[in-house]
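Coordinates as given in entry.cif (mmCIF, C-alpha atoms):
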data_model
loop_
_atom_site.group_PDB
_atom_site.id
_atom_site.type_symbol
_atom_site.label_atom_id
_atom_site.label_comp_id
_atom_site.auth_asym_id
_atom_site.auth_seq_id
_atom_site.Cartn_x
_atom_site.Cartn_y
_atom_site.Cartn_z
ATOM 1 C CA MET U 28 272.440 216.445 191.860
ATOM 2 C CA GLY U 29 271.155 219.949 191.821
ATOM 3 C CA SER U 30 268.004 219.208 193.792
ATOM 4 C CA GLY U 31 267.104 215.949 195.532
ATOM 5 C CA SER U 32 267.939 212.897 193.527
ATOM 6 C CA SER U 33 266.649 214.071 190.153
ATOM 7 C CA PRO U 34 269.267 215.233 187.646
ATOM 8 C CA CYS U 35 268.823 218.724 186.233
ATOM 9 C CA ALA U 36 267.457 219.157 182.738
ATOM 10 C CA SER U 37 270.912 219.657 181.238
ATOM 11 C CA CYS U 38 272.464 216.551 182.764
ATOM 12 C CA LYS U 39 269.372 214.615 181.766
ATOM 13 C CA LEU U 40 269.698 215.751 178.149
ATOM 14 C CA LEU U 41 273.441 215.223 178.104
ATOM 15 C CA ARG U 42 273.018 211.878 179.839
ATOM 16 C CA ARG U 43 275.548 212.413 182.524
ATOM 17 C CA ARG U 44 275.712 212.366 186.262
ATOM 18 C CA CYS U 45 274.375 215.543 187.806
ATOM 19 C CA ALA U 46 277.014 216.634 190.290
ATOM 20 C CA LYS U 47 276.205 218.386 193.554
ATOM 21 C CA ASP U 48 277.807 221.560 192.268
ATOM 22 C CA CYS U 49 276.397 221.275 188.734
ATOM 23 C CA ILE U 50 276.534 224.774 187.263
ATOM 24 C CA PHE U 51 273.318 224.282 185.316
ATOM 25 C CA ALA U 52 271.174 222.779 188.064
ATOM 26 C CA PRO U 53 269.924 226.029 189.679
ATOM 27 C CA TYR U 54 268.743 227.385 186.332
ATOM 28 C CA PHE U 55 267.569 224.346 184.411
ATOM 29 C CA PRO U 56 265.255 222.345 186.660
ATOM 30 C CA PRO U 57 264.204 218.865 185.509
ATOM 31 C CA ASP U 58 260.553 219.892 185.124
ATOM 32 C CA ASP U 59 261.381 222.203 182.185
ATOM 33 C CA PRO U 60 263.500 220.222 179.731
ATOM 34 C CA HIS U 61 262.595 222.455 176.793
ATOM 35 C CA LYS U 62 264.378 225.435 178.336
ATOM 36 C CA PHE U 63 267.781 223.773 178.280
ATOM 37 C CA ALA U 64 267.134 221.987 175.005
ATOM 38 C CA ILE U 65 266.642 225.244 173.164
ATOM 39 C CA VAL U 66 269.663 226.938 174.738
ATOM 40 C CA HIS U 67 271.787 223.897 173.987
ATOM 41 C CA LYS U 68 270.611 223.829 170.377
ATOM 42 C CA VAL U 69 271.583 227.446 169.748
ATOM 43 C CA PHE U 70 274.594 228.003 171.992
ATOM 44 C CA GLY U 71 275.794 224.577 173.024
ATOM 45 C CA ALA U 72 276.131 223.314 176.589
ATOM 46 C CA SER U 73 279.859 223.927 176.896
ATOM 47 C CA ASN U 74 279.520 227.546 175.716
ATOM 48 C CA VAL U 75 276.699 228.166 178.178
ATOM 49 C CA SER U 76 278.773 226.631 180.942
ATOM 50 C CA LYS U 77 281.743 228.879 180.108
ATOM 51 C CA MET U 78 279.509 231.947 180.003
ATOM 52 C CA LEU U 79 278.045 231.150 183.410
ATOM 53 C CA GLN U 80 281.424 230.418 184.936
ATOM 54 C CA GLU U 81 282.627 233.860 183.915
ATOM 55 C CA LEU U 82 279.791 235.560 185.781
ATOM 56 C CA PRO U 83 279.240 236.138 189.481
ATOM 57 C CA VAL U 84 276.614 233.784 190.895
ATOM 58 C CA HIS U 85 274.041 236.511 191.511
ATOM 59 C CA GLN U 86 274.000 237.430 187.807
ATOM 60 C CA ARG U 87 273.707 233.954 186.396
ATOM 61 C CA GLY U 88 269.920 233.755 186.696
ATOM 62 C CA ASP U 89 269.451 236.841 184.538
ATOM 63 C CA ALA U 90 272.093 235.648 182.097
ATOM 64 C CA VAL U 91 270.287 232.341 181.646
ATOM 65 C CA SER U 92 266.989 234.148 181.131
ATOM 66 C CA SER U 93 268.514 236.342 178.430
ATOM 67 C CA LEU U 94 270.111 233.330 176.745
ATOM 68 C CA VAL U 95 266.764 231.526 176.741
ATOM 69 C CA TYR U 96 265.149 234.620 175.256
ATOM 70 C CA GLU U 97 267.764 234.885 172.525
ATOM 71 C CA ALA U 98 267.585 231.172 171.781
ATOM 72 C CA ASN U 99 263.801 231.345 171.450
ATOM 73 C CA ALA U 100 264.104 234.369 169.161
ATOM 74 C CA ARG U 101 266.638 232.506 167.037
ATOM 75 C CA MET U 102 264.375 229.463 166.775
ATOM 76 C CA ARG U 103 261.456 231.660 165.702
ATOM 77 C CA ASP U 104 263.589 233.586 163.233
ATOM 78 C CA PRO U 105 266.688 231.572 162.279
ATOM 79 C CA VAL U 106 268.034 234.353 160.042
ATOM 80 C CA TYR U 107 267.713 237.463 162.214
ATOM 81 C CA GLY U 108 266.947 236.214 165.729
ATOM 82 C CA CYS U 109 266.752 239.094 168.221
ATOM 83 C CA VAL U 110 268.201 241.493 165.671
ATOM 84 C CA GLY U 111 264.901 241.435 163.771
ATOM 85 C CA ALA U 112 263.094 242.603 166.873
ATOM 86 C CA ILE U 113 265.708 245.307 167.516
ATOM 87 C CA SER U 114 265.366 246.603 163.974
ATOM 88 C CA TYR U 115 261.584 246.740 164.280
ATOM 89 C CA LEU U 116 261.669 248.483 167.658
ATOM 90 C CA GLN U 117 264.240 251.042 166.482
ATOM 91 C CA ASN U 118 261.944 251.861 163.606
ATOM 92 C CA GLN U 119 259.044 252.343 166.018
ATOM 93 C CA VAL U 120 261.127 254.663 168.182
ATOM 94 C CA SER U 121 262.122 256.752 165.155
ATOM 95 C CA GLN U 122 258.512 257.041 164.028
ATOM 96 C CA LEU U 123 257.325 258.044 167.472
ATOM 97 C CA GLN U 124 260.075 260.639 167.814
ATOM 98 C CA MET U 125 259.064 262.103 164.475
ATOM 99 C CA GLN U 126 255.405 262.217 165.468
ATOM 100 C CA LEU U 127 256.373 263.873 168.744
ATOM 101 C CA ALA U 128 258.417 266.512 166.963
ATOM 102 C CA VAL U 129 255.488 267.240 164.649
ATOM 103 C CA ALA U 130 253.146 267.571 167.617
ATOM 104 C CA GLN U 131 255.539 269.893 169.425
ATOM 105 C CA ALA U 132 255.935 272.035 166.326
ATOM 106 C CA GLU U 133 252.183 272.187 166.012
ATOM 107 C CA ILE U 134 251.892 273.377 169.610
ATOM 108 C CA LEU U 135 254.384 276.125 168.869
ATOM 109 C CA CYS U 136 252.446 277.124 165.782
ATOM 110 C CA ILE U 137 249.208 277.342 167.705
ATOM 111 C CA GLN U 138 250.831 279.340 170.473
ATOM 112 C CA MET U 139 252.291 281.788 167.984
ATOM 113 C CA GLN U 140 249.033 282.423 166.168
ATOM 114 C CA PRO U 141 247.817 286.015 166.534
ATOM 115 C CA GLU U 142 244.930 286.660 168.900
ATOM 116 C CA PRO U 143 241.662 287.466 167.201
ATOM 117 C CA GLU U 144 241.004 291.179 166.582
ATOM 118 C CA LEU U 145 239.026 293.085 169.192
ATOM 119 C CA PRO U 146 235.593 294.292 168.118
ATOM 120 C CA ALA U 147 235.746 297.644 166.276
ATOM 121 C CA ILE U 148 235.253 300.759 168.429
ATOM 122 C CA HIS U 149 232.712 303.251 167.170
ATOM 123 C CA PRO U 150 234.422 306.485 166.250
ATOM 124 C CA SER U 151 232.080 308.403 168.537
ATOM 125 C CA MET U 152 233.549 306.513 171.508
ATOM 126 C CA MET U 153 237.067 307.662 170.813
ATOM 127 C CA ASP U 154 238.803 310.925 171.518
ATOM 128 C CA CYS U 155 240.704 312.584 168.710
ATOM 129 C CA ASP U 156 244.091 311.256 169.696
ATOM 130 C CA THR U 157 242.939 307.644 169.867
ATOM 131 C CA LYS U 158 241.064 307.918 166.566
ATOM 132 C CA SER U 159 244.087 309.180 164.720
ATOM 133 C CA LEU U 160 246.206 306.378 166.212
ATOM 134 C CA VAL U 161 243.802 303.633 165.082
ATOM 135 C CA LEU U 162 243.310 305.067 161.620
ATOM 136 C CA SER U 163 247.049 305.211 161.048
ATOM 137 C CA GLY U 164 247.405 301.394 161.757
ATOM 138 C CA GLY U 165 249.090 301.902 165.094
ATOM 139 C CA ASN U 166 251.288 299.584 166.975
ATOM 140 C CA THR U 167 249.712 296.151 167.577
ATOM 141 C CA GLY U 168 252.814 294.541 168.858
ATOM 142 C CA SER U 169 254.174 291.528 166.980
ATOM 143 C CA PHE U 170 250.848 290.240 165.693
ATOM 144 C CA GLY U 171 251.605 291.478 162.218
ATOM 145 C CA ASP U 172 254.584 289.046 161.870
ATOM 146 C CA PRO U 173 254.166 286.224 159.359
ATOM 147 C CA MET U 174 253.472 282.703 160.683
ATOM 148 C CA PRO U 175 256.688 280.694 161.078
ATOM 149 C CA GLN U 176 257.054 278.153 158.320
ATOM 150 C CA PHE U 177 256.699 274.559 159.364
ATOM 151 C CA LEU U 178 260.003 272.858 158.720
ATOM 152 C CA SER U 179 260.053 269.186 157.832
ATOM 153 C CA TYR U 180 261.438 267.210 160.699
ATOM 154 C CA THR U 181 264.147 264.665 160.266
ATOM 155 C CA SER U 182 265.310 262.622 163.228
ATOM 156 C CA SER U 183 268.607 263.999 164.371
ATOM 157 C CA ASN U 184 269.446 260.939 166.346
ATOM 158 C CA ASN U 185 268.752 257.504 164.939
ATOM 159 C CA ASN U 186 271.257 255.892 167.201
ATOM 160 C CA VAL U 187 269.055 254.623 169.963
ATOM 161 C CA ILE U 188 271.433 251.944 171.223
ATOM 162 C CA GLN U 189 272.392 252.935 174.692
ATOM 163 C CA ASP U 190 275.058 251.731 177.052
ATOM 164 C CA PRO U 191 274.039 248.081 177.615
ATOM 165 C CA LEU U 192 275.351 248.098 181.151
ATOM 166 C CA LYS U 193 272.671 250.576 182.281
ATOM 167 C CA ARG U 194 269.657 248.457 181.393
ATOM 168 C CA GLU U 195 267.173 246.458 183.459
ATOM 169 C CA PRO U 196 266.067 242.966 182.523
ATOM 170 C CA LEU U 197 262.963 242.527 180.391
ATOM 171 C CA TRP U 198 261.259 240.112 182.707
ATOM 172 C CA THR U 199 261.218 241.938 186.119
ATOM 173 C CA MET L 27 309.806 222.530 147.435
ATOM 174 C CA HIS L 28 306.693 221.512 145.563
ATOM 175 C CA ARG L 29 305.152 220.188 148.790
ATOM 176 C CA PHE L 30 305.801 223.477 150.599
ATOM 177 C CA HIS L 31 304.415 225.439 147.702
ATOM 178 C CA LYS L 32 301.234 223.362 147.835
ATOM 179 C CA LEU L 33 301.031 223.874 151.603
ATOM 180 C CA ASP L 34 301.421 227.637 151.181
ATOM 181 C CA LYS L 35 298.603 227.668 148.655
ATOM 182 C CA MET L 36 296.334 225.710 150.976
ATOM 183 C CA THR L 37 297.039 227.823 154.042
ATOM 184 C CA SER L 38 296.664 231.099 152.183
ATOM 185 C CA THR L 39 293.188 230.252 150.878
ATOM 186 C CA ARG L 40 291.755 228.802 154.066
ATOM 187 C CA CYS L 41 288.796 230.634 155.562
ATOM 188 C CA ALA L 42 289.040 231.994 159.096
ATOM 189 C CA VAL L 43 287.169 228.994 160.499
ATOM 190 C CA CYS L 44 289.382 226.347 158.949
ATOM 191 C CA LYS L 45 292.424 228.380 159.862
ATOM 192 C CA TYR L 46 291.210 228.486 163.471
ATOM 193 C CA PHE L 47 290.771 224.705 163.527
ATOM 194 C CA ARG L 48 293.938 224.129 161.532
ATOM 195 C CA ARG L 49 292.230 222.009 158.973
ATOM 196 C CA ARG L 50 291.960 221.879 155.242
ATOM 197 C CA CYS L 51 289.422 224.293 153.807
ATOM 198 C CA PRO L 52 287.446 222.464 151.122
ATOM 199 C CA PRO L 53 286.186 224.312 148.024
ATOM 200 C CA ASP L 54 282.600 224.002 149.286
ATOM 201 C CA CYS L 55 283.355 225.062 152.868
ATOM 202 C CA ILE L 56 280.097 226.394 154.278
ATOM 203 C CA PHE L 57 281.873 229.023 156.350
ATOM 204 C CA ALA L 58 284.239 230.406 153.731
ATOM 205 C CA PRO L 59 281.910 232.997 152.132
ATOM 206 C CA TYR L 60 281.104 234.530 155.533
ATOM 207 C CA PHE L 61 284.321 234.213 157.489
ATOM 208 C CA PRO L 62 287.164 235.371 155.257
ATOM 209 C CA ASN L 63 290.682 234.746 156.474
ATOM 210 C CA ASP L 64 291.470 238.466 156.636
ATOM 211 C CA ASN L 65 289.052 238.897 159.551
ATOM 212 C CA PRO L 66 289.734 236.183 162.132
ATOM 213 C CA GLN L 67 288.229 238.232 164.965
ATOM 214 C CA ARG L 68 284.791 237.906 163.415
ATOM 215 C CA PHE L 69 284.784 234.152 163.762
ATOM 216 C CA THR L 70 286.396 234.048 167.198
ATOM 217 C CA CYS L 71 283.703 236.439 168.407
ATOM 218 C CA VAL L 72 280.840 234.310 167.075
ATOM 219 C CA HIS L 73 282.507 231.021 167.994
ATOM 220 C CA ARG L 74 282.819 232.147 171.603
ATOM 221 C CA PHE L 75 279.062 231.926 172.074
ATOM 222 C CA TYR L 76 277.667 229.706 169.371
ATOM 223 C CA GLY L 77 280.246 227.110 168.528
ATOM 224 C CA ALA L 78 281.308 226.195 165.026
ATOM 225 C CA SER L 79 279.141 223.103 164.693
ATOM 226 C CA ASN L 80 276.007 224.991 165.765
ATOM 227 C CA ILE L 81 276.765 227.754 163.270
ATOM 228 C CA GLY L 82 277.368 225.176 160.542
ATOM 229 C CA LYS L 83 274.058 223.451 161.310
ATOM 230 C CA MET L 84 272.184 226.762 161.310
ATOM 231 C CA LEU L 85 273.656 227.728 157.958
ATOM 232 C CA GLU L 86 272.921 224.346 156.428
ATOM 233 C CA GLU L 87 269.285 224.627 157.405
ATOM 234 C CA MET L 88 268.684 227.888 155.569
ATOM 235 C CA PRO L 89 268.716 228.970 151.921
ATOM 236 C CA VAL L 90 272.048 230.219 150.641
ATOM 237 C CA GLN L 91 270.756 233.735 149.984
ATOM 238 C CA LEU L 92 269.904 234.201 153.661
ATOM 239 C CA ARG L 93 273.141 232.944 155.151
ATOM 240 C CA ALA L 94 275.021 236.237 154.966
ATOM 241 C CA ASP L 95 272.286 237.990 156.927
ATOM 242 C CA ALA L 96 272.202 235.176 159.451
ATOM 243 C CA VAL L 97 275.949 235.407 160.033
ATOM 244 C CA GLU L 98 275.729 239.185 160.414
ATOM 245 C CA SER L 99 272.997 238.854 163.005
ATOM 246 C CA LEU L 100 274.933 236.191 164.912
ATOM 247 C CA TYR L 101 277.989 238.450 164.874
ATOM 248 C CA TYR L 102 275.920 241.370 166.134
ATOM 249 C CA GLU L 103 274.437 239.311 168.965
ATOM 250 C CA ALA L 104 277.864 237.967 169.886
ATOM 251 C CA LYS L 105 279.270 241.514 170.064
ATOM 252 C CA CYS L 106 276.351 242.560 172.274
ATOM 253 C CA ARG L 107 277.030 239.611 174.553
ATOM 254 C CA ILE L 108 280.713 240.582 174.827
ATOM 255 C CA GLN L 109 279.708 244.132 175.779
ATOM 256 C CA ASP L 110 277.044 242.935 178.182
ATOM 257 C CA PRO L 111 277.734 239.356 179.349
ATOM 258 C CA VAL L 112 274.559 239.227 181.444
ATOM 259 C CA TYR L 113 271.882 240.579 179.118
ATOM 260 C CA GLY L 114 273.464 240.688 175.666
ATOM 261 C CA CYS L 115 271.176 242.159 173.022
ATOM 262 C CA VAL L 116 268.140 241.510 175.224
ATOM 263 C CA GLY L 117 269.257 244.557 177.163
ATOM 264 C CA ILE L 118 268.924 246.629 174.003
ATOM 265 C CA ILE L 119 265.397 245.292 173.455
ATOM 266 C CA THR L 120 264.460 246.232 177.019
ATOM 267 C CA SER L 121 265.849 249.705 176.518
ATOM 268 C CA LEU L 122 263.966 250.181 173.248
ATOM 269 C CA HIS L 123 260.682 249.103 174.840
ATOM 270 C CA ARG L 124 261.243 251.714 177.540
ATOM 271 C CA GLN L 125 262.013 254.383 174.957
ATOM 272 C CA ILE L 126 258.808 253.518 173.122
ATOM 273 C CA GLN L 127 256.767 253.812 176.316
ATOM 274 C CA ILE L 128 258.278 257.208 177.098
ATOM 275 C CA ALA L 129 257.764 258.486 173.545
ATOM 276 C CA GLN L 130 254.147 257.262 173.500
ATOM 277 C CA SER L 131 253.460 258.997 176.787
ATOM 278 C CA GLN L 132 255.029 262.242 175.585
ATOM 279 C CA LEU L 133 253.111 262.039 172.316
ATOM 280 C CA ALA L 134 249.816 261.530 174.130
ATOM 281 C CA LYS L 135 250.529 264.568 176.314
ATOM 282 C CA ALA L 136 251.429 266.698 173.292
ATOM 283 C CA GLN L 137 248.273 265.656 171.467
ATOM 284 C CA ALA L 138 246.185 266.421 174.536
ATOM 285 C CA GLU L 139 247.781 269.840 174.670
ATOM 286 C CA ILE L 140 247.003 270.435 170.998
ATOM 287 C CA SER L 141 243.371 269.480 171.571
ATOM 288 C CA PHE L 142 243.221 271.800 174.565
ATOM 289 C CA LEU L 143 244.772 274.688 172.677
ATOM 290 C CA ASP L 144 242.482 274.113 169.709
ATOM 291 C CA ALA L 145 239.420 274.042 171.917
ATOM 292 C CA ASN L 146 240.380 277.124 173.904
ATOM 293 C CA PHE L 147 241.864 279.300 171.207
ATOM 294 C CA VAL L 148 239.280 281.988 170.688
ATOM 295 C CA GLY L 149 238.105 282.447 167.145
ATOM 296 C CA VAL L 150 239.811 279.327 165.742
ATOM 297 C CA GLU L 151 237.828 276.299 164.639
ATOM 298 C CA PRO L 152 239.211 273.118 166.225
ATOM 299 C CA THR L 153 240.632 270.925 163.472
ATOM 300 C CA SER L 154 242.173 267.469 163.553
ATOM 301 C CA SER L 155 245.827 268.069 164.263
ATOM 302 C CA LEU L 156 248.614 267.337 161.842
ATOM 303 C CA SER L 157 250.239 265.000 164.345
ATOM 304 C CA GLU L 158 247.037 262.957 164.729
ATOM 305 C CA SER L 159 246.786 262.645 160.948
ATOM 306 C CA LEU L 160 250.379 261.458 160.837
ATOM 307 C CA VAL L 161 249.694 258.821 163.465
ATOM 308 C CA GLN L 162 246.630 257.595 161.583
ATOM 309 C CA GLN L 163 248.587 257.483 158.341
ATOM 310 C CA ASN L 164 251.709 255.747 159.563
ATOM 311 C CA GLY L 165 250.470 253.742 162.531
ATOM 312 C CA VAL L 166 253.224 251.380 163.657
ATOM 313 C CA GLU L 167 254.256 250.098 160.287
ATOM 314 C CA HIS L 168 257.765 248.794 160.192
ATOM 315 C CA ASP L 169 260.184 248.191 157.427
ATOM 316 C CA LEU L 170 262.282 245.024 157.578
ATOM 317 C CA ASP L 171 263.457 245.196 153.996
ATOM 318 C CA ASP L 172 266.717 246.697 155.172
ATOM 319 C CA PRO L 173 267.406 245.357 158.659
ATOM 320 C CA PHE L 174 271.004 246.516 158.472
ATOM 321 C CA SER L 175 270.191 250.178 158.081
ATOM 322 C CA THR L 176 269.937 250.963 161.782
ATOM 323 C CA TRP L 177 271.714 248.271 163.713
ATOM 324 C CA PHE L 178 275.170 248.290 162.237
ATOM 325 C CA TYR L 179 277.656 249.970 164.555
#
Turn this file's structure into structure tokens for me.
Amino acid sequence: MGSGSSPCASCKLLRRRCAKDCIFAPYFPPDDPHKFAIVHKVFGASNVSKMLQELPVHQRGDAVSSLVYEANARMRDPVYGCVGAISYLQNQVSQLQMQLAVAQAEILCIQMQPEPELPAIHPSMMDCDTKSLVLSGGNTGSFGDPMPQFLSYTSSNNNVIQDPLKREPLWT
Amino acid sequence: MHRFHKLDKMTSTRCAVCKYFRRRCPPDCIFAPYFPNDNPQRFTCVHRFYGASNIGKMLEEMPVQLRADAVESLYYEAKCRIQDPVYGCVGIITSLHRQIQIAQSQLAKAQAEISFLDANFVGVEPTSSLSESLVQQNGVEHDLDDPFSTWFY
């Protein structure tokens, strides 16, 4: 048995003797029969067993958690399962990236706006040289340049699927 | 000769599932439309995690017009699980949630900067920013009419 004399949830459901080294026992305690039932319904006990056997012991807990998550998603949405959630989240990311690009473009636009004109200087306050310079529309730097046109933004990178090996679990 | 000819005909029209199990493929085989015999890898990939009987039960329980999508999503999840045996496609979900958090934080900062610039730009009336209008317009609407458009790879 996995713990004490009570068979684990999987051996209970499968109606078999729960061995001391039962692969399921650490992850499917008898007090949560639903957890194994749902995984068994979607993946099947033998497939889950094979998957766990192929993993090092310290990764099996996380693997079981992800399988339970996927199984629950599949029960909620039998057609799309987790893929429905992925599609929705990818859409959200794209929208946010677009909104961010718009905001950043807006910041650039604001920063490139010309400064307001200084108050006019009375001609009597100027010497001749300065007066002739102002009247001839002298150099005011780059403020006379036209405003940059706002270009419509399209996401350059819709591929948000990253290397799966670099991710952390959802539940930590 | 006739017997061999009949056998050839049967084996050549079997779907990938029936070919895998070396059984006769009936005309109403539930797997045949989704696991053609020219792509055996597709079924072996899905079968590795779900099992043929589970897949059959799932397909039986849903309307015919949804079965193709269901098989595609199972195939996608199976491929994710092969790439990442520990987290499978749940790892992708985690990553997307993180990306959303980062993007939301960056957007909030950008909008704060816009508000600051608007308020401090001499001679310019503060107006509601284009980005804020876009957020109010679009919100977090999502489109699931075409779930294949972004997750096929």
(request) Check the smallest atom-to-atom distance from each of U:Arg103, U:Lys62, U:Lys68, U:Arg43 to chain L using only C-alpha atoms, then report the winner. (result) U:Lys68
(request) Could you tell me how far CA of Met78 (chain U) lies from CA of Arg101 (chain U), in Å and to one decimal? (result) 18.3 Å
(request) Identify which of the residues L:Ala129, L:Ala104, L:Cys71, L:Ala145 lies closest to chain U, counting all atoms listed in the file when measuring atom-to-atom distances. (result)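 Of L:Ala129, L:Ala104, L:Cys71, L:Ala145, the one nearest chain U, counting all atoms listed in the file, is L:Ala129.
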(request) Using all atoms listed in the file, find the residues of chain U whose closest atom to chain L is at most 6 Å away, then write them as JSON, numbers by chain. (result) {"U": [70, 74, 90, 93, 106, 107, 113, 114, 115, 120, 126, 127, 129, 130, 134, 191, 194, 197]}
(message) I need the output of the PyMOL selection byres ((chain L and resi 51) around 12) for this file as a ChimeraX atom specification; which residues are they?
(response) /L:33,35-50,52-59,61-63
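Computed from the coordinates, the CA of Pro34 (chain U) to CA of Met102 (chain U) distance equals 25.7 Å.
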(message) Calculated over only C-alpha atoms, which of the candidates U:Cys136, U:Val91, U:Cys35, U:Leu123 has the smallest distance to Cys49 (chain U)?
(response)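 Between U:Cys136, U:Val91, U:Cys35, U:Leu123, the residue approaching Cys49 (chain U) most closely is U:Cys35.
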(message) Report, in Å to a single decimal, how far apart CA of Leu40 (chain U) and CA of Asp59 (chain U) are.
(response)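 If I compute the distance from CA of Asp59 (chain U) to CA of Leu40 (chain U), I get 11.3 Å.
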(request) Name the residues that the PyMOL selection byres ((chain U and resi 66) around 9) pulls out of this structure, and write them as a list in words. (result) His61, Lys62, Phe63, Ala64, Ile65, His67, Lys68, Val69, Phe70, Gly71, Ala72, Val75, Val91, Leu94, Val95, Tyr96, Glu97, Ala98 and Asn99 of chain U
